[in-house]
Protein chains: 4
Amino acid sequence: MEITASEVSIQSMYKTTRALTKRITEPLEIEDFVVQPARFVSPPKWHLAHTTWFFEQFVLERFVEGYQCFHPEFKFLFNSYYLKVGDVPERDCRGFMTRPTVKTIMEYREHVDEAMESFLIDPPEESLFFIKTGINHEQQHQELMLTDIKYILAQHPLYPVYRKDFKEGYEAEPDYDFLSISGGVHQIGADTALFLYDNEKPRHEVMLRDFKIARKLVTNGEYLQFVKDGGYEKTGFWHSDAREFIENRGIKKPLYWVEKDGEWHRFSLAGLVKLKNHEPVTHISHYEAFAFAEWSGKRLPTEAEWEVAAPELKTGLRWEHTSSPYTPYPGYQKPEGAIGEYNGKFMINQMVCRGHSVATPKGHSRRTYRNFFHPEMRWQFTGIRLAGDG
Amino acid sequence: MEITASEVSIQSMYKTTRALTKRITEPLEIEDFVVQPARFVSPPKWHLAHTTWFFEQFVLERFVEGYQCFHPEFKFLFNSYYLKVGDVPERDCRGFMTRPTVKTIMEYREHVDEAMESFLIDPPEESLFFIKTGINHEQQHQELMLTDIKYILAQHPLYPVYRKDFKEGYEAEPDYDFLSISGGVHQIGADTALFLYDNEKPRHEVMLRDFKIARKLVTNGEYLQFVKDGGYEKTGFWHSDAREFIENRGIKKPLYWVEKDGEWHRFSLAGLVKLKNHEPVTHISHYEAFAFAEWSGKRLPTEAEWEVAAPELKTGLRWEHTSSPYTPYPGYQKPEGAIGEYNGKFMINQMVCRGHSVATPKGHSRRTYRNFFHPEMRWQFTGIRLAGDG
Amino acid sequence: MEITASEVSIQSMYKTTRALTKRITEPLEIEDFVVQPARFVSPPKWHLAHTTWFFEQFVLERFVEGYQCFHPEFKFLFNSYYLKVGDVPERDCRGFMTRPTVKTIMEYREHVDEAMESFLIDPPEESLFFIKTGINHEQQHQELMLTDIKYILAQHPLYPVYRKDFKEGYEAEPDYDFLSISGGVHQIGADTALFLYDNEKPRHEVMLRDFKIARKLVTNGEYLQFVKDGGYEKTGFWHSDAREFIENRGIKKPLYWVEKDGEWHRFSLAGLVKLKNHEPVTHISHYEAFAFAEWSGKRLPTEAEWEVAAPELKTGLRWEHTSSPYTPYPGYQKPEGAIGEYNGKFMINQMVCRGHSVATPKGHSRRTYRNFFHPEMRWQFTGIRLAGDG
Amino acid sequence: MEITASEVSIQSMYKTTRALTKRITEPLEIEDFVVQPARFVSPPKWHLAHTTWFFEQFVLERFVEGYQCFHPEFKFLFNSYYLKVGDVPERDCRGFMTRPTVKTIMEYREHVDEAMESFLIDPPEESLFFIKTGINHEQQHQELMLTDIKYILAQHPLYPVYRKDFKEGYEAEPDYDFLSISGGVHQIGADTALFLYDNEKPRHEVMLRDFKIARKLVTNGEYLQFVKDGGYEKTGFWHSDAREFIENRGIKKPLYWVEKDGEWHRFSLAGLVKLKNHEPVTHISHYEAFAFAEWSGKRLPTEAEWEVAAPELKTGLRWEHTSSPYTPYPGYQKPEGAIGEYNGKFMINQMVCRGHSVATPKGHSRRTYRNFFHPEMRWQFTGIRLAGDG
C-alpha cells in the first residue's frame, strides 16, 4: 500500500487539529467546562464531545464496519443541529448536564481518536470529504471554545486569567490610509480548493461600483470617541431594531469594556488590561459596527467588496463586519445528506463577517470564507473596517 | 394666479387619499378603532391621527406661517419613528390610550384638511416633495389599516364581517406555466418618477443568471398539499430560526386558516369563507414561503429577478416574497432631515416583498417599489411566487 | 298575591344596583369601555356584560321556564371564573375583543333587566340566594369598574378627568390617637345576616393578645416622610419577595403619585390634584403597607384585631391592609354548585383587606366583610391603619 | 480552664455538622458542584462556601481578634440574603461562576474549621447564639444540598445514581387510621430550648376546634388514583393561582415521576426505581397537596393542629404540608442585627410545612419547627397528611 502525500496530510491534519482542541482546554479548571452562561455559549465539555461525535457519526459509523460506538446515548446528547440524525436535546439545557464528566469525555475522544487513526491509514476516497469537513468543523469549534471560555470567565467578578500571554491586539500603530478599488464586473466565491464550505460556492460574477476601503481596522481610540460623543444615545445612527435591542439591555459600550478607577479597561483572555488606543476594537455587534460607520460618515464594505480588496489588506485580528446579509450565492446548491443541512438553514437573519481573528486556528481561513452572526451578537472577536463610495 | 396641471393633480391626489382613508373606516364600530391586539398592529384611530400628524408636522408647520396646530400634545402622541421630532410614546401602549376619542381625531383630520386645502391652492416648489411623501405615507397606512382591521376582527370568536363584498382572491384559474428569462447585466431601481422612495434609488446594474419564474402565485390547494404532507413538521425545509419560531408558537398552518366541521375555511374581510383551492394562498410569512419553496424543489426569486420579470407577470393580489434581505442599493444616499430617517433604519433583519396586494390603494404601486417585513410576520396579504435556476 | 317587605326590597335593591352601574359609566367615552391596560384590569364593557350574564346564568336560566337568552355565545364570552359553566376565554384577551359593542351590551342589560323585573314580582324562595348574590356580585364589580376606569384613564399622558366632583379624601384633619383593646377570647365572622359571603362564615372564637390600633389612617404626609427617608431603598423594611418586585419594576412611590414642577401631585378620578398631607394615602400594596409599618416601628393589625376594634373606628375611605393571609375560617364549608367556587379558590397567595373605600357602593360593606388582594396589587383604594402590641 | 458539658457539646456539634456536609458531597463529581438548573437550586459548591462564610462572618470576624479572612471577596460572593452585610450577587448567576473552584472552597472550609476549632476551645458566652445558629444554618443547607443534588442529577436523561443505598420511603405498610383530638385552648410555639429560630417564638395560646388527623402520610398508590381520576385536569379541586401555574407548565404528575414501558417509576437519589404503592408520595407542591385533599373530601391540617397532634404521630419521612400561611406568631419580635433579618422577611407568600424529612440531618427537627415554601415548589421531600373536622 502506498501512502500518498494527501493522505499523509489528512492524517496529520487530523492529529494536529485534535491536539489543538485539547491544548485550548489546558488552562481550564474542571468547573469551567460545565457551564452555559448564555444561550449562544456552549459548555467547553460539550464542544469536546460534539466535535468527536461528528467523526463518530459521519466517518466511523459510515465507513468502518463493526465500529463499536463509545456510548449509544452520546449520539443524542452531542448532536447539535444535524436534525436528520435524531431528536436533539434542548440547546438551552447544555449547561445543566453535569454528566458525562470531563474525564469520560476525554476517554470518548481517545476512543474515537484511536479508531480514526487506524482508519486514516487508508481512508477510502469517498470518506475524504467527511474527514475534511470534520476537521474544519472542529476548527470552527476551536474558535467558539475560545470565545465561549472568555464569556464564561467574564462572569466572574475577579476577572480570571486564561493565558497570561494571550495576545488579542496589534503590536504597532496601524496604517490610516484608505485603498481605492475600481468597480465593474468582479468574481467572488470559489469552486475548487483543498476544502470549501457549500456557502462559498459557486464562484460567480458580481457588479461593483468604485469604492474605497480602510487599510486598518477601527481602533479602541476611535471607538472611544464614538462612545464619548454619545454615540449609544443618538438614535440617528442606529437601525430601528438595534435601538430597541441596546435600550432593552442598557448597552452603552462594547462587551468586556470596564471603567475602573476612572480608566478604561477591557477583559481579555490575559485578564483585565488597560484599553490601548491604537489596537482594533473588538467584541462589536453588527448593530454597533453599523452605527459607528454612520457616525463616521462612512459605511461597512459589502462582502464582495471585501473579497475583492482582501489581497491588499492586512487581516487576521478580527472578524470584519460587512453590510451583507448571509444569503446563498446565485446558483447555490444544498449538499445532499445530513451534512447537507450544514449551512443553508442559517441563511436568514444573519450578517456576513469576513477574514479571521486572533482566535481562528491556523489554516482555517480563506479569502472566500464566509462567517455569519446575528446582528446583535457580541461575544466573537469581531471588528470594524470602514469603506466608502469611490 | 395660474393653476398648473401638476398642482391640480396634487390637490386632487390629496383629497382622494384623505377621502379613501375615511372610507376604509366606515364599516367600523367605534370600539374597533381603539385596540392593539399585537405589537405590530396599530389601533385604527392611531393611523387616522398619525397620517394627519405627518402633514401637520412636515408641511403646515414648515410652510404655513402662523399655522395654529390642533393640539400641542398630538405632536408627541402621534409621532411614530421619526425620532428626531421629539420623544415618542411607547409603541406598545398605543392600544391603552382611549383618548383622544375617534370624534376628536376626526376633527383633527378636518382641521388639517382645511389648512392643507388652502395651502394646496399654491404650494411652493420646495413643499412638493413633502406633500407627495405625506400622500404616499398615508397610502401605506391605508394598507396597514386594512390588515390591522382584519387582525383586530379576527380576535373575535364569531368572525365579524368587515365588508361582505371585499374580494381577496382570483376570479378564475391561474396559468400554471413558468417564464424563462436570460441572465446577464440588467438594471433595477429608479431615479426619476412622479414619486419614489429613497430605497428605490439609485437605478443600478445587477448581474443575473438565467432563471425561470412562475406566471401564477402558489394556490391554497398547493399549500394545503404542503400542510397535509407534514410540511410544518419536517425540519429539513425550514431555516433554523424559522423552526424555533413556529415550534415556540405552535404554528401549523397559515394565519386565519380555520378547520371547522372537517372543512378548511379562512377568515377574510368578508368573514369566514371556505378555502378555494385555486386562489392564491395568503398571510404567509417569509419563513413559510421559504419552506414551501424548498418542499416544492424550487426557490423564491430575488428582488432583482422579480423586477426584471415583472412586466410579463400578472401581479396585484399579494405582496410577493423574495429571497432578498432588505438592504440599501449600491450608492444609496440617506435623504436629509427628519424625513431622512425614513427607510434606512429598517434595513436590517427584514426581507423584501415586491408587487402589491388586494389591500394596496390604487396608484400606490410601482415595479421598483420595495416593501419589507420581518421574516416571521404573517398579517399582511403576502403570497408566494416560485422561481428556479434557468 | 301579597307583596312582602323583603320582596319589595329585593326588587328595589336590584333596580338601584343596576342603575348605579349605568351611572358609573356615564362619564365615559365609548373608547374607554374597550381597553385592558393590565392583566388585573377588565374593560368596562366586560364588567357591564359579565354582571348581566350572572343574572342570566344563575337566575333566569334556572328559574324562568322558557327564558330566551339574549345571545348564546355570551355565556362563553362573559363568564369569568365560574369554570364549571363551560370553557372560558383567556382573561388576557378581554381587551382585544371589540365586539359586542357597548350598544349591544346595553341592549343585553335591558333584555335581562326586563326579564328580571318580571321575575322579581314573585321570585320563589330558593331563588333569593342567587338574586342577592347577583346583586352583591354587581356591587363588587361597581367598585372594580371605578378602579379599572381610573387605571385606564391614567394611561393617558394628559390625565383626563372622570368626574370633577369625585372626592377621594378627608374633609378635615384626622385624630392621631391609638385605641387600646384587651386580649382574650373574642368572636369574629358571622353566620346570619341579610347577605353574607361564604368566606365570612362561621362565626368563631379567636384568641387575641392586648393590642392598640390607630384611630386614623396613615396620611400622605406621613407616607411622604417614608419616601423621603429612602424607605423604598432600604432593604430591611421589606419582605424578600417585595424587594424583588419593587426592584424589577423600579417602584419608588405609590401608584398615581406624580412629581411635577417640584411638587407632589396624585392622579385622581377628579384629574391631577396636589397631594394633601392630611389625607389618607391610597393605592398602596400590601408590600408597601408592611414596609411602611416596619419603618414606623409599628405593625399592621390582623383581621381579627381589626374586626374586634371596628365599632370604634371611623372607616370607609380605604380598604385597610391587615397582616392576615386570606384563608378559610375554621369550620369553613364550601357552598355547593357552580356558585360554590365563589371564594375558596382564591384562598392562597392573597392578603385580607377590611372595611370599605370611597369606591365601594353604599350597602356593600359589613364589619365581617373580607376583601383580598395579591400583596403586590396597587390599583385599589387601599390604605394603611397601624397597630401595635398592647 | 474547665470544660463544661455544653462547651464540649457545641464543639462536637460543630465537628459533626461540618463533617456531614462533606460526606454529603462525597458521591459527587466536580462537575456536579457547579450548575444551577433552576432559580431555587444552588450549586453544591455554593452551599459549601456559603455555610462556611456564615461562621467567618458572624463568629470569627466578630469574636476573634486578628482573624485573617481566607479571601476578601468571599464575603461578597457567598453572602445570600443577609443584605445588611453588603451588596449581593444576583442569585440567578450562581450557576455561571466556575471560580472559585471546588478545591479552593474545600481549602476555605479547612481554613475556617481550623480557626473555629481553636475558637471553640473557649468561646465567650455571647458567641454561643451565633455558633448554634451557624450549625443550624448549615444543617438546613445540608437538606437543601440533597434536594438540589437530586434536582441537578435529574437533568440528565440517564438518571445517574447518587447513592445506591439512599432510602426515601417506608419499610412497611402504614396505619390507615385517623386520630381524633379535642378542640379548645392549646399552646403552640416555644420560648426555651437548646436552639430555636425566632419564628417559633413566642409560645402562645391558640383556639382549636375538634379535629382528626391521619396517622399515615398519603401514599403513592392513593396519589396515583388521583392522577388516574383526572385530578390534574379537574378545575374544581385547585386554587385559581394553582391552575394557572400547572397549566402554564403542563404539570400532570409529581416531579420525578416517570412513566416508562407502561409502568410508573420515580427518580430517586438511588436512581430510577419503580413506584411502590404503599410508600408516601413526595415532591408534592402545596398546590398539589391542597387539590389532592379536596379530591379526597378531606383537608390539610393547620400548623397548630399538626403541632398539637405531633406527639402521637410517626413523622420524619416527609415535610408535611399544612394549610397555614407562614406568618409571625402573635407577639413575634424580630431579633436584632444582621442575623435579625433571618426569618421575618420570608413571612409572605409562603406556606408552612411541619415535621422533617429523609433529607433532614439528625438533630435538626423539633415539634415546633416551622419550615416554609412557596406553594408551587416541588423539589423538597414534601408529603401530605390529611385532616378533617372532628
# chains A, B, ... in the order shown; residues from 1 in each chain; ligands from 1
>>> interface_residues(of="chain C", to="chain D", cutoff="6 Å", atoms="only C-alpha atoms", output="list of chain:residue names")
C:His239, C:Ser240, C:Lys345, C:Phe346, C:Asn349
>>> write_last_selection(atoms="C-alpha atoms", output="tab-separated table (two decimals), in the first residue's frame")
chain	number	residue	atom	x	y	z
C	239	HIS	CA	-40.27	41.30	52.61
C	240	SER	CA	-37.85	39.45	50.38
C	345	LYS	CA	-60.36	29.05	45.11
C	346	PHE	CA	-58.81	32.42	45.88
C	349	ASN	CA	-51.32	33.94	47.98
>>> residues_around(residues="Lys45 in chain A", least_positions_apart="2", cutoff="7 Å", atoms="only C-alpha atoms", output="JSON, numbers by chain")
{"A": [33, 34, 43, 47, 48, 49, 102]}
>>> write_last_selection(atoms="C-alpha atoms", output="PDB file, in the first residue's frame")
ATOM      1  CA  PHE A  33     -16.009  23.010  31.348  1.00  0.00           C
ATOM      2  CA  VAL A  34     -19.562  22.731  32.588  1.00  0.00           C
ATOM      3  CA  PRO A  43     -20.003  24.457  27.777  1.00  0.00           C
ATOM      4  CA  HIS A  47     -17.591  21.264  22.360  1.00  0.00           C
ATOM      5  CA  LEU A  48     -15.121  18.466  23.181  1.00  0.00           C
ATOM      6  CA  ALA A  49     -17.783  15.840  22.823  1.00  0.00           C
ATOM      7  CA  VAL A 102     -14.908  15.782  31.519  1.00  0.00           C
TER       8      VAL A 102
END
>>> select_by_dssp(residues="range 137-311 of chain A", states="helix (DSSP H, G or I)", output="PyMOL selection string")
chain A and resi 137-153+198-200+220-228+235-237+240-249+286-296+303-311
>>> residues_around(residues="Lys15 in chain B", least_positions_apart="5", cutoff="12 Å", atoms="only C-alpha atoms", output="PyMOL selection string")
chain B and resi 8-10+20-22+109-110+112-114+116-117+120+131+135+138
>>> write_last_selection(atoms="N, CA and C atoms", output="mmCIF file, in the first residue's frame")
data_model
loop_
_atom_site.group_PDB
_atom_site.id
_atom_site.type_symbol
_atom_site.label_atom_id
_atom_site.label_comp_id
_atom_site.auth_asym_id
_atom_site.auth_seq_id
_atom_site.Cartn_x
_atom_site.Cartn_y
_atom_site.Cartn_z
ATOM 1 N N VAL B 8 -53.011 70.978 -9.804
ATOM 2 C CA VAL B 8 -54.332 70.361 -9.754
ATOM 3 C C VAL B 8 -54.192 68.933 -9.271
ATOM 4 N N SER B 9 -53.245 68.268 -9.871
ATOM 5 C CA SER B 9 -53.149 66.856 -9.583
ATOM 6 C C SER B 9 -52.770 66.600 -8.126
ATOM 7 N N ILE B 10 -51.889 67.402 -7.562
ATOM 8 C CA ILE B 10 -51.511 67.124 -6.176
ATOM 9 C C ILE B 10 -52.665 67.429 -5.229
ATOM 10 N N LEU B 20 -60.249 58.384 0.916
ATOM 11 C CA LEU B 20 -60.170 56.915 0.946
ATOM 12 C C LEU B 20 -59.920 56.422 2.378
ATOM 13 N N THR B 21 -59.044 57.105 3.083
ATOM 14 C CA THR B 21 -58.777 56.709 4.473
ATOM 15 C C THR B 21 -60.068 56.666 5.275
ATOM 16 N N LYS B 22 -60.855 57.717 5.106
ATOM 17 C CA LYS B 22 -62.118 57.746 5.837
ATOM 18 C C LYS B 22 -63.029 56.610 5.405
ATOM 19 N N ARG B 109 -58.494 65.668 11.809
ATOM 20 C CA ARG B 109 -58.355 65.478 10.356
ATOM 21 C C ARG B 109 -58.969 66.662 9.599
ATOM 22 N N GLU B 110 -60.163 67.084 10.018
ATOM 23 C CA GLU B 110 -60.812 68.191 9.313
ATOM 24 C C GLU B 110 -60.015 69.486 9.437
ATOM 25 N N VAL B 112 -56.822 69.817 9.816
ATOM 26 C CA VAL B 112 -55.638 69.752 8.955
ATOM 27 C C VAL B 112 -56.044 69.784 7.477
ATOM 28 N N ASP B 113 -57.139 69.118 7.149
ATOM 29 C CA ASP B 113 -57.586 69.128 5.753
ATOM 30 C C ASP B 113 -57.907 70.541 5.289
ATOM 31 N N GLU B 114 -58.574 71.274 6.153
ATOM 32 C CA GLU B 114 -58.895 72.664 5.778
ATOM 33 C C GLU B 114 -57.632 73.469 5.504
ATOM 34 N N MET B 116 -54.659 72.319 4.814
ATOM 35 C CA MET B 116 -53.943 71.770 3.663
ATOM 36 C C MET B 116 -54.602 72.220 2.364
ATOM 37 N N GLU B 117 -55.923 72.223 2.348
ATOM 38 C CA GLU B 117 -56.602 72.563 1.109
ATOM 39 C C GLU B 117 -56.360 74.028 0.731
ATOM 40 N N LEU B 120 -52.804 74.070 -0.534
ATOM 41 C CA LEU B 120 -52.568 73.393 -1.811
ATOM 42 C C LEU B 120 -53.004 74.223 -3.013
ATOM 43 N N ILE B 131 -45.319 67.046 0.488
ATOM 44 C CA ILE B 131 -46.744 66.729 0.272
ATOM 45 C C ILE B 131 -46.882 65.346 -0.347
ATOM 46 N N ILE B 135 -48.697 62.013 1.117
ATOM 47 C CA ILE B 135 -49.752 61.248 0.430
ATOM 48 C C ILE B 135 -49.358 59.772 0.339
ATOM 49 N N GLU B 138 -49.597 58.151 3.682
ATOM 50 C CA GLU B 138 -50.975 57.810 4.065
ATOM 51 C C GLU B 138 -51.452 56.580 3.292
#
>>> atom_distance(atom1="CA of Ala270 in chain D", atom2="CA of Arg249 in chain D")
26.7 Å
>>> atom_distance(atom1="CA of Gly355 in chain D", atom2="CA of Ile181 in chain D")
18.3 Å
>>> residues_around(residues="Glu26 in chain A", least_positions_apart="5", cutoff="12 Å", atoms="only C-alpha atoms", output="mmCIF file with N, CA, C and O atoms, in the first residue's frame")
data_model
loop_
_atom_site.group_PDB
_atom_site.id
_atom_site.type_symbol
_atom_site.label_atom_id
_atom_site.label_comp_id
_atom_site.auth_asym_id
_atom_site.auth_seq_id
_atom_site.Cartn_x
_atom_site.Cartn_y
_atom_site.Cartn_z
ATOM 1 N N ALA A 19 -5.237 17.668 18.609
ATOM 2 C CA ALA A 19 -4.307 18.057 19.682
ATOM 3 C C ALA A 19 -4.533 19.518 20.087
ATOM 4 O O ALA A 19 -4.481 19.873 21.262
ATOM 5 N N LEU A 20 -4.798 20.354 19.097
ATOM 6 C CA LEU A 20 -5.014 21.768 19.410
ATOM 7 C C LEU A 20 -6.249 21.944 20.300
ATOM 8 O O LEU A 20 -6.245 22.737 21.244
ATOM 9 N N THR A 21 -7.299 21.208 19.998
ATOM 10 C CA THR A 21 -8.512 21.291 20.824
ATOM 11 C C THR A 21 -8.165 21.026 22.286
ATOM 12 O O THR A 21 -8.603 21.750 23.188
ATOM 13 N N ASP A 32 -14.810 24.954 34.846
ATOM 14 C CA ASP A 32 -15.011 25.834 33.684
ATOM 15 C C ASP A 32 -15.623 25.112 32.491
ATOM 16 O O ASP A 32 -16.128 25.743 31.559
ATOM 17 N N PHE A 33 -15.528 23.800 32.487
ATOM 18 C CA PHE A 33 -16.009 23.010 31.348
ATOM 19 C C PHE A 33 -17.520 22.838 31.307
ATOM 20 O O PHE A 33 -18.052 22.326 30.337
ATOM 21 N N PRO A 44 -17.582 24.148 27.439
ATOM 22 C CA PRO A 44 -16.427 23.550 26.754
ATOM 23 C C PRO A 44 -16.503 22.031 26.653
ATOM 24 O O PRO A 44 -16.127 21.465 25.630
ATOM 25 N N MET A 145 -14.775 27.745 21.161
ATOM 26 C CA MET A 145 -14.345 27.406 22.519
ATOM 27 C C MET A 145 -13.638 28.589 23.170
ATOM 28 O O MET A 145 -13.906 28.929 24.326
ATOM 29 N N LEU A 146 -12.763 29.219 22.404
ATOM 30 C CA LEU A 146 -12.041 30.363 22.968
ATOM 31 C C LEU A 146 -12.995 31.498 23.337
ATOM 32 O O LEU A 146 -12.878 32.106 24.405
ATOM 33 N N ILE A 149 -15.123 30.361 26.304
ATOM 34 C CA ILE A 149 -14.311 30.382 27.527
ATOM 35 C C ILE A 149 -14.169 31.815 28.032
ATOM 36 O O ILE A 149 -14.316 32.098 29.218
ATOM 37 N N TYR A 162 -7.029 33.501 31.524
ATOM 38 C CA TYR A 162 -6.987 32.243 30.795
ATOM 39 C C TYR A 162 -5.531 31.888 30.488
ATOM 40 O O TYR A 162 -5.011 30.877 30.936
ATOM 41 N N ARG A 163 -4.866 32.778 29.729
ATOM 42 C CA ARG A 163 -3.432 32.596 29.494
ATOM 43 C C ARG A 163 -2.786 33.968 29.515
ATOM 44 O O ARG A 163 -3.151 34.822 28.700
#
>>> residues_around(residues="His321 in chain A", least_positions_apart="3", cutoff="12 Å", atoms="only C-alpha atoms", output="VMD selection string")
chain A and resid 217 to 218 282 to 293 299 to 303 305 to 306 318 324 to 326 350 to 357 370 to 378 380 to 387
>>> residues_around(residues="Pro361 in chain D", least_positions_apart="4", cutoff="8 Å", atoms="only C-alpha atoms", output="ChimeraX atom specification")
/D:139,142-143
>>> write_last_selection(atoms="all heavy atoms", output="PDB file, in the first residue's frame")
ATOM      1  N   GLN D 139     -27.087  22.901  58.881  1.00  0.00           N
ATOM      2  CA  GLN D 139     -27.971  21.726  58.793  1.00  0.00           C
ATOM      3  C   GLN D 139     -29.103  21.959  57.790  1.00  0.00           C
ATOM      4  O   GLN D 139     -29.463  21.075  57.026  1.00  0.00           O
ATOM      5  CB  GLN D 139     -28.545  21.413  60.177  1.00  0.00           C
ATOM      6  CG  GLN D 139     -27.502  20.797  61.108  1.00  0.00           C
ATOM      7  CD  GLN D 139     -28.061  20.573  62.510  1.00  0.00           C
ATOM      8  OE1 GLN D 139     -28.813  21.398  63.018  1.00  0.00           O
ATOM      9  NE2 GLN D 139     -27.680  19.464  63.119  1.00  0.00           N
ATOM     10  N   GLN D 142     -27.684  21.428  54.519  1.00  0.00           N
ATOM     11  CA  GLN D 142     -27.452  20.018  54.213  1.00  0.00           C
ATOM     12  C   GLN D 142     -28.676  19.410  53.531  1.00  0.00           C
ATOM     13  O   GLN D 142     -28.570  18.683  52.551  1.00  0.00           O
ATOM     14  CB  GLN D 142     -27.108  19.256  55.501  1.00  0.00           C
ATOM     15  CG  GLN D 142     -25.703  19.561  55.995  1.00  0.00           C
ATOM     16  CD  GLN D 142     -25.454  19.100  57.409  1.00  0.00           C
ATOM     17  OE1 GLN D 142     -26.361  18.674  58.118  1.00  0.00           O
ATOM     18  NE2 GLN D 142     -24.200  19.181  57.845  1.00  0.00           N
ATOM     19  N   GLU D 143     -29.826  19.763  54.068  1.00  0.00           N
ATOM     20  CA  GLU D 143     -31.042  19.250  53.432  1.00  0.00           C
ATOM     21  C   GLU D 143     -31.213  19.836  52.030  1.00  0.00           C
ATOM     22  O   GLU D 143     -31.532  19.121  51.082  1.00  0.00           O
ATOM     23  CB  GLU D 143     -32.259  19.583  54.306  1.00  0.00           C
ATOM     24  CG  GLU D 143     -33.551  19.160  53.651  1.00  0.00           C
ATOM     25  CD  GLU D 143     -34.634  18.774  54.630  1.00  0.00           C
ATOM     26  OE1 GLU D 143     -34.460  18.975  55.852  1.00  0.00           O
ATOM     27  OE2 GLU D 143     -35.657  18.246  54.175  1.00  0.00           O
TER      28      GLU D 143
END
>>> atom_distance(atom1="CA of Phe166 in chain B", atom2="CA of Trp53 in chain B")
29.0 Å
>>> select_by_dssp(residues="range 109-300 of chain B", states="strand (DSSP E or B)", output="PyMOL selection string")
chain B and resi 178-181+184-188+204-208+211-214+219+257-260+263-268+271-274+280+299
>>> closest_residue(among="B:Ser182, B:Ser42, B:Thr16, B:Asn220", to="Tyr170 in chain B", atoms="only C-alpha atoms")
B:Asn220
>>> closest_residue(among="D:Phe76, D:Phe267, D:Tyr159, D:Phe58", to="Pro100 in chain A", atoms="only C-alpha atoms")
D:Tyr159
